[in-house]
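Trainee: I have a structure I would like to understand better, so I am pasting it below and will then ask my questions one at a time.
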Amino acid sequence: MRFPLLQVGLATTLALTLTACGGEAGGSADSTAADERTVVIEHAQGSTTVPVNPQKVITFDLASLDTLDTLGVPVTGVAKGNLPSYLDKYNGDEYVNAGTLFEPDFEAVNAAEPDLIVVANRSAKAYGELSKIAPTVDLTLDWTSFKSSFVTNTEKLGTIFDKQDEVTTALADIDTKISKAEESATDAGRGLIVLTSAGEVTAFGPGSRFGWLHDEFGVTPAIADVEAATHGDPVSFEFILKTNPDWLFVVDRDAATGEGTKTAQEVLDNEVVARTTAWSKQQVVYLDPAPWYIVMSGLTAVNQMIDQVTTGLTK
């Protein structure tokens with residue numbers, strides 16, 4: 001059963017507790033007290049008390065960077081490299097280079113004296129060390145429950161940065177767009193999601209990294225038992241032909257990482273795949289790897305992903 005974004009957000013208990021600090025007993029809250037509010041965030045690795053509207057933020061989560069950028073929240077430092085074009089400004093010298101998504105530069109982070117650090121799927125292993133430097137939250141995305149996980153993470157950021165109204169509006173807009181995507185998928189037929197990398201092809205099904213195309217958009221899976229693993233289940237071209245999807249949704253990992261020598265279209269352009277219904281009917285949708293593979297969620301990326309699926313199914 002699928003729930004609208006706002007219902008999911010309301011049904012998910014965030015355990016967010018606001019506390020006003022710094023005021024005298026019996027006194028009225030002044031601007032200083034408001035600036036010293038804190039919020040307890042429940043996250044993937046426990047709970048963390050963080051300041052409301054932290055001034056210095058370092059994020060190792062591109063989805064959170066995406067959302068904060070969309071909400072107009074400034075950040076101090078990011079994990080640079082492989083940033084999508086719409087977030088390219090964060091490669092600038094005015095932003096602290098906090099390391100990579102997998103390997104933080106602990107010295108640079110410590111020197112920046114952050115008030116908040118955000119980690120997620122790729123950087124979660126560094127949570128312990130980073131939390132010794134500053135309050136750290138782990139907004140790891142749950143692939144098996146993509147939409148509700150995305151909603152919860154977005155609402156947490158909205159609470160931390162006093163952007164609840166903006167978040168509510170943004171999620172309502174996304175919910176409407178998903179409903180339209182579902183309409184497009186209703187009679188579209190069976191779909192298969194594949195990722196190409198170094199000439200190899202892996203497949204993804206419901207509950208996997210890209211599975212929300214099935215779980216939320218309602219695209220009927222061409223096969224339901226594909227292993228829900230980070231890089232999918234390795235498949236052959238013969239497997240694709242045997243599965244014979246009506247639609248192929250393709251993510252080009254090499255295009256996202258700048259590796260490899262063949263594009264996804266070149267990898268799939270062979271006499272075996274050409275015999276599939278998807279190829280013969282020109283129903284192959286090449287998904288932008290920046291939001292789908294690099295960023296993975298975030299307000300802007302999710303909007304882009306929904307638009308790509310809707311456009312692909314209605315072209």
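Identifiers in the structure tokens: chain A, B, ... in order shown; residue index from 1 per chain; ligand index from 1 in order shown.
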Could you give me, as a list in words, the residues within 12 Å of A:Ala108, counting only C-alpha atoms and dropping anything in the same chain fewer than 4 positions from it?

Mentor: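 Neighbouring residues, sequence-local ones excluded: Ile58, Thr76, Gly77, Val78, Ala79, Tyr95, Val96, Asn97, Ala98, Gly99, Thr100, Glu103, Pro104, Ala112, Glu113, Pro114, Leu130 and Ile133 of chain A.
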
Trainee: Mind dumping the selected residues with N, CA, C and O atoms as a PDB file, in the first residue's frame?

Mentor:
ATOM      1  N   ILE A  58      28.400  21.211   7.998  1.00  0.00           N
ATOM      2  CA  ILE A  58      29.192  20.432   7.041  1.00  0.00           C
ATOM      3  C   ILE A  58      28.413  19.175   6.711  1.00  0.00           C
ATOM      4  O   ILE A  58      27.962  18.455   7.616  1.00  0.00           O
ATOM      5  N   THR A  76      28.640  25.393   5.319  1.00  0.00           N
ATOM      6  CA  THR A  76      30.036  25.808   5.448  1.00  0.00           C
ATOM      7  C   THR A  76      30.972  24.928   4.639  1.00  0.00           C
ATOM      8  O   THR A  76      31.911  25.410   3.998  1.00  0.00           O
ATOM      9  N   GLY A  77      30.714  23.625   4.658  1.00  0.00           N
ATOM     10  CA  GLY A  77      31.606  22.706   3.964  1.00  0.00           C
ATOM     11  C   GLY A  77      30.885  21.495   3.422  1.00  0.00           C
ATOM     12  O   GLY A  77      29.824  21.108   3.920  1.00  0.00           O
ATOM     13  N   VAL A  78      31.457  20.902   2.373  1.00  0.00           N
ATOM     14  CA  VAL A  78      30.849  19.746   1.725  1.00  0.00           C
ATOM     15  C   VAL A  78      31.939  18.773   1.297  1.00  0.00           C
ATOM     16  O   VAL A  78      33.118  19.118   1.235  1.00  0.00           O
ATOM     17  N   ALA A  79      31.513  17.552   1.006  1.00  0.00           N
ATOM     18  CA  ALA A  79      32.407  16.581   0.375  1.00  0.00           C
ATOM     19  C   ALA A  79      32.427  16.915  -1.106  1.00  0.00           C
ATOM     20  O   ALA A  79      31.434  16.739  -1.804  1.00  0.00           O
ATOM     21  N   TYR A  95      33.793  27.408   0.150  1.00  0.00           N
ATOM     22  CA  TYR A  95      33.255  26.290   0.926  1.00  0.00           C
ATOM     23  C   TYR A  95      34.388  25.356   1.350  1.00  0.00           C
ATOM     24  O   TYR A  95      35.255  25.011   0.538  1.00  0.00           O
ATOM     25  N   VAL A  96      34.374  24.945   2.595  1.00  0.00           N
ATOM     26  CA  VAL A  96      35.399  24.036   3.118  1.00  0.00           C
ATOM     27  C   VAL A  96      35.340  22.712   2.376  1.00  0.00           C
ATOM     28  O   VAL A  96      34.259  22.135   2.185  1.00  0.00           O
ATOM     29  N   ASN A  97      36.493  22.241   1.925  1.00  0.00           N
ATOM     30  CA  ASN A  97      36.579  20.916   1.312  1.00  0.00           C
ATOM     31  C   ASN A  97      36.709  19.910   2.452  1.00  0.00           C
ATOM     32  O   ASN A  97      37.777  19.739   3.035  1.00  0.00           O
ATOM     33  N   ALA A  98      35.607  19.239   2.763  1.00  0.00           N
ATOM     34  CA  ALA A  98      35.558  18.355   3.927  1.00  0.00           C
ATOM     35  C   ALA A  98      36.054  16.943   3.630  1.00  0.00           C
ATOM     36  O   ALA A  98      35.990  16.071   4.488  1.00  0.00           O
ATOM     37  N   GLY A  99      36.565  16.723   2.413  1.00  0.00           N
ATOM     38  CA  GLY A  99      37.029  15.392   2.047  1.00  0.00           C
ATOM     39  C   GLY A  99      36.151  14.803   0.962  1.00  0.00           C
ATOM     40  O   GLY A  99      35.589  15.525   0.137  1.00  0.00           O
ATOM     41  N   THR A 100      36.003  13.475   0.979  1.00  0.00           N
ATOM     42  CA  THR A 100      35.144  12.807   0.006  1.00  0.00           C
ATOM     43  C   THR A 100      33.943  12.209   0.721  1.00  0.00           C
ATOM     44  O   THR A 100      33.869  12.200   1.952  1.00  0.00           O
ATOM     45  N   GLU A 103      35.606   9.320   2.596  1.00  0.00           N
ATOM     46  CA  GLU A 103      36.748   9.583   3.460  1.00  0.00           C
ATOM     47  C   GLU A 103      36.791  11.053   3.869  1.00  0.00           C
ATOM     48  O   GLU A 103      37.332  11.898   3.144  1.00  0.00           O
ATOM     49  N   PRO A 104      36.242  11.369   5.031  1.00  0.00           N
ATOM     50  CA  PRO A 104      36.271  12.758   5.508  1.00  0.00           C
ATOM     51  C   PRO A 104      37.700  13.222   5.780  1.00  0.00           C
ATOM     52  O   PRO A 104      38.566  12.434   6.152  1.00  0.00           O
ATOM     53  N   ALA A 112      37.110  23.720  10.917  1.00  0.00           N
ATOM     54  CA  ALA A 112      35.943  24.533  10.557  1.00  0.00           C
ATOM     55  C   ALA A 112      35.033  24.805  11.747  1.00  0.00           C
ATOM     56  O   ALA A 112      34.169  25.684  11.677  1.00  0.00           O
ATOM     57  N   GLU A 113      35.197  24.057  12.836  1.00  0.00           N
ATOM     58  CA  GLU A 113      34.390  24.211  14.039  1.00  0.00           C
ATOM     59  C   GLU A 113      32.892  24.205  13.730  1.00  0.00           C
ATOM     60  O   GLU A 113      32.160  25.157  14.048  1.00  0.00           O
ATOM     61  N   PRO A 114      32.401  23.139  13.106  1.00  0.00           N
ATOM     62  CA  PRO A 114      30.984  23.100  12.721  1.00  0.00           C
ATOM     63  C   PRO A 114      30.055  22.967  13.918  1.00  0.00           C
ATOM     64  O   PRO A 114      30.433  22.475  14.986  1.00  0.00           O
ATOM     65  N   LEU A 130      33.248  11.553  13.492  1.00  0.00           N
ATOM     66  CA  LEU A 130      32.744  12.899  13.251  1.00  0.00           C
ATOM     67  C   LEU A 130      31.927  13.412  14.435  1.00  0.00           C
ATOM     68  O   LEU A 130      31.961  14.614  14.754  1.00  0.00           O
ATOM     69  N   ILE A 133      33.609  15.482  16.965  1.00  0.00           N
ATOM     70  CA  ILE A 133      33.943  16.858  16.596  1.00  0.00           C
ATOM     71  C   ILE A 133      32.768  17.791  16.835  1.00  0.00           C
ATOM     72  O   ILE A 133      32.929  18.905  17.361  1.00  0.00           O
TER      73      ILE A 133
END

Trainee: Which stretch 145-183 of chain A residues have any atom within 8 Å of an atom of stretch 305-311 of chain A, and for each, what is the nearest pair of atoms with distance in Å to one decimal, counting only C-alpha atoms, rows sorted by chain and number, as JSON lines?

Mentor:
{"residue": "A:Lys177", "atom": "CA", "partner": "A:Ile306", "partner_atom": "CA", "distance": 7.0}
{"residue": "A:Ile178", "atom": "CA", "partner": "A:Ile306", "partner_atom": "CA", "distance": 6.6}
{"residue": "A:Lys180", "atom": "CA", "partner": "A:Thr310", "partner_atom": "CA", "distance": 7.5}
{"residue": "A:Ala181", "atom": "CA", "partner": "A:Thr310", "partner_atom": "CA", "distance": 5.0}

Trainee: Which of stretch 18-220 of chain A counts as strand (DSSP E) under DSSP, as a PyMOL selection string please?

Mentor: chain A and resi 18-19+38-43+46-51+57-59+77-78+96-97+116-119+136-138+190-197+200-204+220

Trainee: So that I can check the surroundings of A:Ala185, please list as a list in words every protein, DNA and RNA residue that reaches within 7 Å of it, counting only C-alpha atoms and ignoring chain neighbours fewer than 4 positions away.

Mentor: Ala181, Phe217, Gly218, Val219 and Leu313 of chain A

Trainee: Could the residues in this selection be written to a file with C-alpha atoms, as an mmCIF file, in the first residue's frame?

Mentor:
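Dumped everything to part24.cif:
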data_model
loop_
_atom_site.group_PDB
_atom_site.id
_atom_site.type_symbol
_atom_site.label_atom_id
_atom_site.label_comp_id
_atom_site.auth_asym_id
_atom_site.auth_seq_id
_atom_site.Cartn_x
_atom_site.Cartn_y
_atom_site.Cartn_z
ATOM 1 C CA ALA A 181 3.488 9.703 -12.674
ATOM 2 C CA PHE A 217 5.406 5.286 -9.369
ATOM 3 C CA GLY A 218 3.610 2.011 -9.900
ATOM 4 C CA VAL A 219 5.597 0.763 -12.898
ATOM 5 C CA LEU A 313 6.424 7.254 -20.140
#

Trainee: From the set A:Gly72, A:Gly205, A:Asp66, A:Ala222, which residue has the shortest atom-to-atom contact distance to A:Pro84, counting only C-alpha atoms?

Mentor: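 Looking at the shortest contact to A:Pro84, the residue is A:Asp66.
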
Trainee: Do a neighbour search on A:Ala301 at 12 Å with only C-alpha atoms, toss out local chain neighbours closer than 3 positions, and write the hits as JSON, numbers by chain.

Mentor: {"A": [62, 63, 64, 65, 66, 67, 69, 70, 84, 85, 86, 87, 150, 174, 287, 288, 289, 290, 291, 292, 293, 294, 295, 296, 297, 298, 304, 305, 306, 307, 308]}

Trainee: Please provide the set of residues having any atom within 7 Å of A:Ser123, restricted to only C-alpha atoms, with same-chain residues fewer than 3 positions apart removed, written as a ChimeraX atom specification.

Mentor: /A:60,101-102,119-120,126

Trainee: Nearest residue to A:Val137 out of A:Pro51, A:Gly189, A:Gly258, A:Pro234, using only C-alpha atoms?

Mentor: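 Nearest to A:Val137: A:Pro51.
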
Trainee: From the set A:Leu83, A:Leu171, A:Ala44, A:Leu116, which residue has the shortest atom-to-atom contact distance to A:Thr140, counting only C-alpha atoms?

Mentor: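 Once distances to A:Thr140 are computed over only C-alpha atoms, the minimum belongs to A:Ala44.
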
Trainee: Please extract the residues of stretch 157-313 of chain A with a backbone DSSP assignment of helix (DSSP H, G or I) and present them as a PyMOL selection string.

Mentor: chain A and resi 157-160+164-185+212-215+237-243+253-257+264-268+273-275+277-280+289-295+299-313

Trainee: At what distance in Å, to one decimal, does atom CA of A:Gly199 lie from atom CA of A:Glu259?

Mentor: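 Going from atom CA of A:Glu259 over to atom CA of A:Gly199, I get 10.8 Å.
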
Trainee: Do a neighbour search on A:Gln45 at 9 Å with only C-alpha atoms, toss out local chain neighbours closer than 4 positions, and write the hits as a ChimeraX atom specification.

Mentor: /A:124,127,137-139

Trainee: For A:Arg190, list every protein, DNA or RNA residue within 7 Å, evaluated using only C-alpha atoms, and leave out those in the same chain fewer than 3 positions away; present the list as a ChimeraX atom specification.

Mentor: /A:219-222,245-247

Trainee: Just write the chosen residues, all heavy atoms, as a CSV table (one decimal), in the first residue's frame.

Mentor:
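Done, and the output landed in selection20.csv:
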chain,number,residue,atom,x,y,z
A,219,VAL,N,5.2,1.5,-11.7
A,219,VAL,CA,5.6,0.8,-12.9
A,219,VAL,C,5.7,-0.7,-12.6
A,219,VAL,O,6.4,-1.2,-11.7
A,219,VAL,CB,7.0,1.2,-13.4
A,219,VAL,CG1,7.4,0.4,-14.6
A,219,VAL,CG2,6.9,2.7,-13.8
A,220,THR,N,4.9,-1.5,-13.3
A,220,THR,CA,4.9,-3.0,-13.1
A,220,THR,C,6.3,-3.6,-13.3
A,220,THR,O,6.8,-3.4,-14.4
A,220,THR,CB,3.8,-3.7,-14.0
A,220,THR,OG1,2.6,-3.1,-13.8
A,220,THR,CG2,3.8,-5.2,-13.7
A,221,PRO,N,6.8,-4.3,-12.3
A,221,PRO,CA,8.2,-4.9,-12.5
A,221,PRO,C,8.1,-6.0,-13.5
A,221,PRO,O,7.2,-6.9,-13.5
A,221,PRO,CB,8.6,-5.4,-11.1
A,221,PRO,CG,7.3,-5.6,-10.4
A,221,PRO,CD,6.3,-4.5,-11.0
A,222,ALA,N,9.1,-6.0,-14.4
A,222,ALA,CA,9.2,-7.1,-15.4
A,222,ALA,C,9.6,-8.4,-14.7
A,222,ALA,O,9.3,-9.5,-15.2
A,222,ALA,CB,10.2,-6.8,-16.5
A,245,PRO,N,11.2,-6.8,-21.2
A,245,PRO,CA,10.3,-5.7,-20.6
A,245,PRO,C,9.7,-4.8,-21.7
A,245,PRO,O,10.3,-4.7,-22.8
A,245,PRO,CB,11.3,-4.9,-19.8
A,245,PRO,CG,12.6,-5.1,-20.5
A,245,PRO,CD,12.6,-6.6,-21.0
A,246,ASP,N,8.6,-4.2,-21.4
A,246,ASP,CA,8.0,-3.3,-22.3
A,246,ASP,C,8.8,-1.9,-22.3
A,246,ASP,O,8.8,-1.2,-23.3
A,246,ASP,CB,6.5,-3.0,-22.0
A,246,ASP,CG,5.7,-4.2,-22.1
A,246,ASP,OD1,5.6,-4.8,-23.2
A,246,ASP,OD2,5.2,-4.7,-21.0
A,247,TRP,N,9.4,-1.7,-21.1
A,247,TRP,CA,10.2,-0.5,-20.9
A,247,TRP,C,11.5,-0.8,-20.2
A,247,TRP,O,11.6,-1.7,-19.3
A,247,TRP,CB,9.4,0.5,-20.0
A,247,TRP,CG,8.2,1.1,-20.6
A,247,TRP,CD1,7.0,0.6,-20.7
A,247,TRP,CD2,8.2,2.3,-21.3
A,247,TRP,NE1,6.1,1.4,-21.3
A,247,TRP,CE2,6.8,2.5,-21.7
A,247,TRP,CE3,9.1,3.3,-21.6
A,247,TRP,CZ2,6.4,3.6,-22.4
A,247,TRP,CZ3,8.7,4.5,-22.3
A,247,TRP,CH2,7.3,4.6,-22.7
